[in-house]
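Below is work-v1.cif, which holds mmCIF, C-alpha atoms; chains and numbers go by the auth columns.
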```
data_model
loop_
_atom_site.group_PDB
_atom_site.id
_atom_site.type_symbol
_atom_site.label_atom_id
_atom_site.label_comp_id
_atom_site.label_asym_id
_atom_site.label_seq_id
_atom_site.Cartn_x
_atom_site.Cartn_y
_atom_site.Cartn_z
_atom_site.B_iso_or_equiv
_atom_site.auth_seq_id
_atom_site.auth_asym_id
ATOM 1 C CA MET A 1 42.618 -105.488 158.409 0.00 13 A
ATOM 2 C CA HIS A 2 43.195 -106.831 161.901 0.00 14 A
ATOM 3 C CA ARG A 3 40.131 -108.983 161.565 0.00 15 A
ATOM 4 C CA ALA A 4 41.781 -111.049 158.838 0.00 16 A
ATOM 5 C CA TYR A 5 44.884 -111.559 161.002 0.00 17 A
ATOM 6 C CA GLN A 6 45.249 -115.119 162.225 0.00 18 A
ATOM 7 C CA SER A 7 47.250 -115.430 165.445 0.00 19 A
ATOM 8 C CA ILE A 8 49.143 -118.546 166.291 0.00 20 A
ATOM 9 C CA LEU A 9 48.084 -118.426 169.919 0.00 21 A
ATOM 10 C CA PRO A 10 44.548 -117.828 171.099 0.00 22 A
ATOM 11 C CA CYS A 11 43.843 -114.163 171.963 0.00 23 A
ATOM 12 C CA GLN A 12 40.926 -111.907 172.839 0.00 24 A
ATOM 13 C CA SER A 13 41.931 -108.895 170.722 0.00 25 A
ATOM 14 C CA ARG A 14 43.295 -109.506 167.255 0.00 26 A
ATOM 15 C CA ILE A 15 44.397 -105.911 166.738 0.00 27 A
ATOM 16 C CA LEU A 16 46.517 -105.904 169.887 0.00 28 A
ATOM 17 C CA GLN A 17 47.924 -109.323 169.097 0.00 29 A
ATOM 18 C CA GLN A 18 48.849 -108.162 165.613 0.00 30 A
ATOM 19 C CA ARG A 19 50.639 -105.078 167.011 0.00 31 A
ATOM 20 C CA TRP A 20 52.512 -107.156 169.538 0.00 32 A
ATOM 21 C CA ASP A 21 53.535 -109.760 166.976 0.00 33 A
ATOM 22 C CA GLN A 22 54.675 -107.066 164.548 0.00 34 A
ATOM 23 C CA LYS A 23 56.678 -105.390 167.331 0.00 35 A
ATOM 24 C CA TYR A 24 58.327 -108.692 168.302 0.00 36 A
ATOM 25 C CA TYR A 25 59.099 -109.395 164.649 0.00 37 A
ATOM 26 C CA ASP A 26 60.638 -105.952 164.123 0.00 38 A
ATOM 27 C CA GLU A 27 62.757 -106.379 167.245 0.00 39 A
ATOM 28 C CA HIS A 28 63.876 -109.775 165.990 0.00 40 A
ATOM 29 C CA ARG A 29 64.859 -108.358 162.604 0.00 41 A
ATOM 30 C CA GLN A 30 66.739 -105.524 164.264 0.00 42 A
ATOM 31 C CA LYS A 31 68.675 -107.999 166.438 0.00 43 A
ATOM 32 C CA VAL A 32 69.468 -110.087 163.385 0.00 44 A
ATOM 33 C CA LYS A 33 70.850 -107.013 161.601 0.00 45 A
ATOM 34 C CA GLU A 34 72.923 -105.955 164.589 0.00 46 A
ATOM 35 C CA ALA A 35 74.182 -109.454 165.444 0.00 47 A
ATOM 36 C CA GLN A 36 77.964 -109.830 165.505 0.00 48 A
ATOM 37 C CA PRO A 37 79.509 -112.894 163.758 0.00 49 A
ATOM 38 C CA MET A 38 81.093 -115.594 165.927 0.00 50 A
ATOM 39 C CA VAL A 39 83.715 -116.411 163.258 0.00 51 A
ATOM 40 C CA ASP A 40 86.021 -113.729 161.878 0.00 52 A
ATOM 41 C CA THR A 41 85.805 -114.021 158.077 0.00 53 A
ATOM 42 C CA LYS A 42 87.666 -110.831 157.307 0.00 54 A
ATOM 43 C CA ALA A 43 90.968 -110.871 155.392 0.00 55 A
ATOM 44 C CA PRO A 44 94.059 -111.209 157.581 0.00 56 A
ATOM 45 C CA LYS A 45 95.968 -108.124 158.401 0.00 57 A
ATOM 46 C CA THR A 46 98.814 -107.386 156.019 0.00 58 A
ATOM 47 C CA TYR A 47 102.228 -106.368 157.273 0.00 59 A
ATOM 48 C CA VAL A 48 104.473 -104.221 155.119 0.00 60 A
ATOM 49 C CA HIS A 49 107.711 -105.838 156.295 0.00 61 A
ATOM 50 C CA LEU A 50 106.554 -109.238 154.976 0.00 62 A
ATOM 51 C CA HIS A 51 105.994 -107.989 151.432 0.00 63 A
ATOM 52 C CA LEU A 52 108.666 -105.341 151.233 0.00 64 A
ATOM 53 C CA LYS A 53 111.813 -106.913 152.687 0.00 65 A
ATOM 54 C CA LEU A 54 114.014 -103.922 153.241 0.00 66 A
ATOM 55 C CA LYS A 55 116.821 -105.923 154.859 0.00 67 A
ATOM 56 C CA LYS A 56 117.077 -108.200 151.833 0.00 68 A
ATOM 57 C CA LEU A 57 117.160 -105.213 149.496 0.00 69 A
ATOM 58 C CA GLN A 58 119.858 -103.631 151.633 0.00 70 A
ATOM 59 C CA LEU A 59 121.989 -106.812 151.545 0.00 71 A
ATOM 60 C CA GLU A 60 121.537 -107.101 147.785 0.00 72 A
ATOM 61 C CA GLU A 61 122.605 -103.498 147.298 0.00 73 A
ATOM 62 C CA GLU A 62 125.650 -104.044 149.514 0.00 74 A
ATOM 63 C CA ARG A 63 126.583 -107.185 147.561 0.00 75 A
ATOM 64 C CA LEU A 64 126.262 -105.369 144.232 0.00 76 A
ATOM 65 C CA ALA A 65 128.284 -102.469 145.610 0.00 77 A
ATOM 66 C CA THR A 66 131.019 -104.882 146.747 0.00 78 A
ATOM 67 C CA ILE A 67 131.090 -106.569 143.320 0.00 79 A
ATOM 68 C CA GLU A 68 131.232 -103.209 141.600 0.00 80 A
ATOM 69 C CA ARG A 69 134.087 -102.069 143.848 0.00 81 A
ATOM 70 C CA ASP A 70 136.044 -105.319 143.269 0.00 82 A
ATOM 71 C CA ASN A 71 135.526 -105.036 139.516 0.00 83 A
ATOM 72 C CA ARG A 72 136.725 -101.455 139.527 0.00 84 A
ATOM 73 C CA ILE A 73 139.823 -102.367 141.533 0.00 85 A
ATOM 74 C CA LEU A 74 140.548 -105.308 139.215 0.00 86 A
ATOM 75 C CA LEU A 75 140.105 -103.106 136.164 0.00 87 A
ATOM 76 C CA GLU A 76 142.509 -100.544 137.600 0.00 88 A
ATOM 77 C CA LYS A 77 145.096 -103.235 138.306 0.00 89 A
ATOM 78 C CA MET A 78 144.741 -104.666 134.796 0.00 90 A
ATOM 79 C CA SER A 79 145.133 -101.215 133.268 0.00 91 A
ATOM 80 C CA ILE A 80 148.283 -100.626 135.352 0.00 92 A
ATOM 81 C CA ILE A 81 149.700 -103.985 134.235 0.00 93 A
ATOM 82 C CA MET A 82 148.902 -103.217 130.592 0.00 94 A
ATOM 83 C CA ARG A 83 150.514 -99.763 130.802 0.00 95 A
ATOM 84 C CA THR A 84 153.559 -100.943 132.790 0.00 96 A
ATOM 85 C CA ARG A 85 155.369 -104.222 133.408 0.00 97 A
ATOM 86 C CA GLY A 86 153.705 -104.636 136.775 0.00 98 A
ATOM 87 C CA ARG A 87 155.249 -104.844 140.171 0.00 99 A
ATOM 88 C CA VAL A 88 156.060 -108.590 140.011 0.00 100 A
ATOM 89 C CA ASP A 89 157.430 -110.916 137.349 0.00 101 A
ATOM 90 C CA ASN A 90 156.034 -114.299 136.299 0.00 102 A
ATOM 91 C CA ARG A 91 159.095 -116.305 137.199 0.00 103 A
ATOM 92 C CA ASN A 92 158.973 -118.577 140.198 0.00 104 A
ATOM 93 C CA ILE A 93 162.294 -119.996 141.364 0.00 105 A
ATOM 94 C CA TYR A 94 160.829 -121.492 144.517 0.00 106 A
ATOM 95 C CA ASP A 95 161.902 -125.079 145.025 0.00 107 A
ATOM 96 C CA TYR A 96 158.921 -127.155 146.115 0.00 108 A
ATOM 97 C CA LYS A 97 159.649 -129.064 149.308 0.00 109 A
ATOM 98 C CA SER A 98 157.252 -131.628 150.690 0.00 110 A
ATOM 99 C CA LEU A 99 157.187 -132.303 154.416 0.00 111 A
ATOM 100 C CA ASN A 100 155.903 -135.890 154.076 0.00 112 A
ATOM 101 C CA ARG A 101 157.718 -136.893 150.908 0.00 113 A
ATOM 102 C CA GLU A 102 159.713 -139.692 152.556 0.00 114 A
ATOM 103 C CA LYS A 103 156.590 -141.072 154.209 0.00 115 A
ATOM 104 C CA ARG A 104 154.700 -141.142 150.926 0.00 116 A
ATOM 105 C CA GLN A 105 157.625 -142.879 149.214 0.00 117 A
ATOM 106 C CA ARG A 106 157.763 -145.546 151.937 0.00 118 A
ATOM 107 C CA GLU A 107 154.003 -146.064 151.615 0.00 119 A
ATOM 108 C CA LEU A 108 154.308 -146.382 147.834 0.00 120 A
ATOM 109 C CA LEU A 109 157.114 -148.941 148.177 0.00 121 A
ATOM 110 C CA ARG A 110 155.066 -150.938 150.685 0.00 122 A
ATOM 111 C CA VAL A 111 151.994 -151.013 148.426 0.00 123 A
ATOM 112 C CA THR A 112 154.112 -151.972 145.394 0.00 124 A
ATOM 113 C CA LYS A 113 155.748 -154.806 147.312 0.00 125 A
ATOM 114 C CA GLU A 114 152.387 -156.129 148.510 0.00 126 A
ATOM 115 C CA ASN A 115 151.013 -156.027 144.971 0.00 127 A
ATOM 116 C CA GLN A 116 154.000 -157.942 143.660 0.00 128 A
ATOM 117 C CA GLU A 117 153.581 -160.595 146.343 0.00 129 A
ATOM 118 C CA ILE A 118 149.878 -160.945 145.528 0.00 130 A
ATOM 119 C CA LEU A 119 150.689 -161.256 141.816 0.00 131 A
ATOM 120 C CA LYS A 120 153.332 -163.884 142.574 0.00 132 A
ATOM 121 C CA ARG A 121 150.846 -165.948 144.618 0.00 133 A
ATOM 122 C CA ILE A 122 148.236 -165.654 141.870 0.00 134 A
ATOM 123 C CA MET A 123 150.696 -166.770 139.178 0.00 135 A
ATOM 124 C CA ALA A 124 151.917 -169.668 141.316 0.00 136 A
ATOM 125 C CA ARG A 125 148.402 -170.895 142.049 0.00 137 A
ATOM 126 C CA GLU A 126 147.426 -174.054 140.177 0.00 138 A
ATOM 127 C CA PRO A 127 144.065 -173.896 138.398 0.00 139 A
ATOM 128 C CA GLU A 128 141.163 -175.834 139.900 0.00 140 A
ATOM 129 C CA TYR A 129 139.717 -176.701 136.476 0.00 141 A
ATOM 130 C CA ASN A 130 141.447 -178.360 133.555 0.00 142 A
ATOM 131 C CA HIS A 131 140.708 -176.293 130.463 0.00 143 A
ATOM 132 C CA LEU A 132 142.290 -178.915 128.194 0.00 144 A
ATOM 133 C CA LYS A 133 139.775 -181.476 129.420 0.00 145 A
ATOM 134 C CA TRP A 134 136.953 -179.009 128.835 0.00 146 A
ATOM 135 C CA GLN A 135 138.178 -178.399 125.290 0.00 147 A
ATOM 136 C CA GLN A 136 138.354 -182.157 124.636 0.00 148 A
ATOM 137 C CA GLU A 137 134.831 -182.698 125.951 0.00 149 A
ATOM 138 C CA TRP A 138 133.542 -179.815 123.838 0.00 150 A
ATOM 139 C CA ASP A 139 135.184 -181.289 120.724 0.00 151 A
ATOM 140 C CA GLU A 140 133.506 -184.638 121.469 0.00 152 A
ATOM 141 C CA ASN A 141 130.131 -182.919 121.934 0.00 153 A
ATOM 142 C CA GLU A 142 130.554 -181.108 118.638 0.00 154 A
ATOM 143 C CA GLN A 143 131.367 -184.412 116.976 0.00 155 A
ATOM 144 C CA PHE A 144 128.201 -185.957 118.441 0.00 156 A
ATOM 145 C CA MET A 145 126.121 -182.989 117.257 0.00 157 A
ATOM 146 C CA ASP A 146 127.602 -183.297 113.763 0.00 158 A
ATOM 147 C CA ASN A 147 126.736 -187.004 113.719 0.00 159 A
ATOM 148 C CA ILE A 148 123.065 -186.491 114.629 0.00 160 A
ATOM 149 C CA ALA A 149 122.593 -183.228 112.671 0.00 161 A
ATOM 150 C CA ARG A 150 120.814 -183.257 109.318 0.00 162 A
ATOM 151 C CA TYR A 151 123.089 -180.633 107.834 0.00 163 A
ATOM 152 C CA PRO A 152 126.761 -179.958 108.520 0.00 164 A
ATOM 153 C CA ARG A 153 127.695 -177.310 111.028 0.00 165 A
ATOM 154 C CA ASN A 154 128.884 -174.792 108.450 0.00 166 A
ATOM 155 C CA TRP A 155 126.206 -175.555 105.864 0.00 167 A
ATOM 156 C CA TRP A 156 125.423 -171.891 105.309 0.00 168 A
ATOM 157 C CA GLU A 157 129.053 -171.035 104.536 0.00 169 A
ATOM 158 C CA LEU A 158 129.326 -174.059 102.253 0.00 170 A
ATOM 159 C CA MET A 159 126.166 -173.063 100.422 0.00 171 A
ATOM 160 C CA GLN A 160 127.420 -169.523 99.989 0.00 172 A
ATOM 161 C CA GLN A 161 130.766 -170.807 98.741 0.00 173 A
ATOM 162 C CA GLU A 162 128.987 -173.083 96.278 0.00 174 A
ATOM 163 C CA LYS A 163 126.864 -170.181 95.035 0.00 175 A
ATOM 164 C CA GLU A 164 129.942 -168.003 94.660 0.00 176 A
ATOM 165 C CA LYS A 165 131.720 -170.806 92.782 0.00 177 A
ATOM 166 C CA ASN A 166 128.755 -171.285 90.436 0.00 178 A
ATOM 167 C CA ARG A 167 128.538 -167.549 89.852 0.00 179 A
ATOM 168 C CA LYS A 168 132.224 -167.345 88.960 0.00 180 A
ATOM 169 C CA GLU A 169 131.900 -170.342 86.621 0.00 181 A
ATOM 170 C CA LYS A 170 128.922 -168.716 84.886 0.00 182 A
ATOM 171 C CA GLN A 171 130.872 -165.508 84.522 0.00 183 A
ATOM 172 C CA LYS A 172 133.807 -167.422 83.039 0.00 184 A
ATOM 173 C CA GLN A 173 131.484 -169.298 80.702 0.00 185 A
ATOM 174 C CA LYS A 174 129.806 -166.090 79.537 0.00 186 A
ATOM 175 C CA LYS A 175 133.171 -164.474 79.030 0.00 187 A
ATOM 176 C CA ALA A 176 134.407 -167.474 77.014 0.00 188 A
ATOM 177 C CA GLU A 177 131.243 -167.439 74.893 0.00 189 A
ATOM 178 C CA ARG A 178 131.590 -163.727 74.296 0.00 190 A
ATOM 179 C CA GLU A 179 135.248 -164.122 73.290 0.00 191 A
ATOM 180 C CA LYS A 180 134.355 -167.036 71.020 0.00 192 A
ATOM 181 C CA LYS A 181 131.600 -165.032 69.414 0.00 193 A
ATOM 182 C CA GLU A 182 133.943 -162.102 68.888 0.00 194 A
ATOM 183 C CA GLU A 183 136.525 -164.430 67.302 0.00 195 A
ATOM 184 C CA GLU A 184 133.888 -165.907 64.986 0.00 196 A
ATOM 185 C CA GLU A 185 132.723 -162.451 63.947 0.00 197 A
ATOM 186 C CA ALA A 186 136.314 -161.362 63.330 0.00 198 A
ATOM 187 C CA LYS A 187 136.960 -164.511 61.327 0.00 199 A
ATOM 188 C CA LYS A 188 133.783 -163.980 59.328 0.00 200 A
ATOM 189 C CA GLU A 189 134.778 -160.398 58.611 0.00 201 A
ATOM 190 C CA GLU A 190 138.212 -161.565 57.437 0.00 202 A
ATOM 191 C CA GLU A 191 136.620 -164.167 55.170 0.00 203 A
ATOM 192 C CA GLU A 192 134.282 -161.571 53.717 0.00 204 A
ATOM 193 C CA GLU A 193 137.186 -159.194 53.107 0.00 205 A
ATOM 194 C CA ASP A 194 139.222 -162.016 51.446 0.00 206 A
ATOM 195 C CA LYS A 195 136.231 -162.960 49.319 0.00 207 A
ATOM 196 C CA LYS A 196 135.703 -159.363 48.320 0.00 208 A
ATOM 197 C CA GLU A 197 139.389 -159.001 47.362 0.00 209 A
ATOM 198 C CA TRP A 198 139.273 -162.243 45.383 0.00 210 A
ATOM 199 C CA THR A 199 136.174 -161.041 43.524 0.00 211 A
ATOM 200 C CA GLU A 200 137.828 -157.730 42.704 0.00 212 A
ATOM 201 C CA LEU A 201 140.971 -159.528 41.472 0.00 213 A
ATOM 202 C CA LYS A 202 138.894 -161.877 39.339 0.00 214 A
ATOM 203 C CA GLU A 203 136.933 -159.035 37.797 0.00 215 A
ATOM 204 C CA GLY A 204 140.151 -157.175 37.014 0.00 216 A
ATOM 205 C CA HIS A 205 141.630 -160.300 35.396 0.00 217 A
ATOM 206 C CA ASP A 206 138.504 -160.793 33.246 0.00 218 A
ATOM 207 C CA GLU A 207 138.645 -157.191 32.129 0.00 219 A
ATOM 208 C CA ASP A 208 142.317 -157.634 31.140 0.00 220 A
ATOM 209 C CA GLU A 209 141.498 -160.744 29.164 0.00 221 A
ATOM 210 C CA GLN A 210 138.666 -158.976 27.327 0.00 222 A
ATOM 211 C CA GLU A 211 140.966 -156.031 26.498 0.00 223 A
ATOM 212 C CA ALA A 212 143.635 -158.449 25.236 0.00 224 A
ATOM 213 C CA ALA A 213 141.090 -160.277 23.077 0.00 225 A
ATOM 214 C CA GLU A 214 139.902 -157.064 21.504 0.00 226 A
#
```

Exercise: express the given structure as structure tokens:
Amino acid sequence: MHRAYQSILPCQSRILQQRWDQKYYDEHRQKVKEAQPMVDTKAPKTYVHLHLKLKKLQLEEERLATIERDNRILLEKMSIIMRTRGRVDNRNIYDYKSLNREKRQRELLRVTKENQEILKRIMAREPEYNHLKWQQEWDENEQFMDNIARYPRNWWELMQQEKEKNRKEKQKQKKAEREKKEEEEAKKEEEEEDKKEWTELKEGHDEDEQEAAE
């Protein structure tokens, strides 16, 4: 089998060269297996105190204990007040006294006086613009616009008023026609009733004449 071995370098004995190459290769593979990594890829070390925060749990328990104690004390006080009238009454006869009351009053008077003076100056100030002149100019402009306009300024209101007037006139006309028609029908009914009565009277008179002739 060593005869078929092809060495990379020239050699005199192929069998020895094959053994040496195989030995070097095995040593290389062993070194590769035993080689230590230059970069640490392992997971970082975990610390218990970072995940389980005992101090925080202790503070939370103390806070809850304090709240529970305060609630119990408050409940006991409320029960005592409900069972008895309590140790104090709800009347307060203390007269409130302010230490800087006079100073605040003086400051309020000063501000009020300044505001009144400002208002007086504003009311006494003559206007820079004449609003009457503006109103006159606007009336003239409106007159010019009315002169050059095709339709009057309030044409829509006039048209609506005209429509409303026509509608009311039509309603009045229809009402008058309906009343006239009702009067004609009533008159016709009266004429028919009179005619019917006259016919009945005439027939009765003819019957009387026939009876008298017989």

Enumerate, in order of chain and increasing residue number, the residues of stretch 60-145 of chain A with an atom no farther than 12 Å from stretch 150-173 of chain A, each with its shortest atom pair and distance in Å to one decimal, counting only C-alpha atoms, as a Markdown table.
```
| residue | atom | partner | partner_atom | distance |
| --- | --- | --- | --- | --- |
| A:His143 | CA | A:Trp150 | CA | 10.4 |
| A:Leu144 | CA | A:Trp150 | CA | 9.8 |
| A:Lys145 | CA | A:Trp150 | CA | 8.5 |
```

I need the chosen residues saved as a JSON list (two decimals), keeping the file's coordinate frame, with C-alpha atoms.
```
[["chain", "number", "residue", "atom", "x", "y", "z"],
["A", 143, "HIS", "CA", 140.71, -176.29, 130.46],
["A", 144, "LEU", "CA", 142.29, -178.92, 128.19],
["A", 145, "LYS", "CA", 139.78, -181.48, 129.42]]
```

For the contact check between stretch 43-62 of chain A and stretch 66-88 of chain A, emit one row per residue of stretch 43-62 of chain A within 10 Å, containing the shortest atom pair and the distance in Å rounded to one decimal, counting all atoms listed in the file, chain then rising number order, as a tab-separated table.
```
residue	atom	partner	partner_atom	distance
A:Val60	CA	A:Leu66	CA	9.7
A:His61	CA	A:Leu66	CA	7.3
A:Leu62	CA	A:Leu66	CA	9.3
```

message: What would the selection look like, as a ChimeraX atom specification, if the PyMOL selection byres ((chain A and resi 33) around 12) were run on the coordinates I just shared?
response: /A:14,17-21,23,26-32,34-40

- line: What separates atom CA of A:Lys175 and atom CA of A:Glu194 is a distance of 28.3 Å

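The coordinates place atom CA of A:Arg41 at 22.2 Å from atom CA of A:Thr53.
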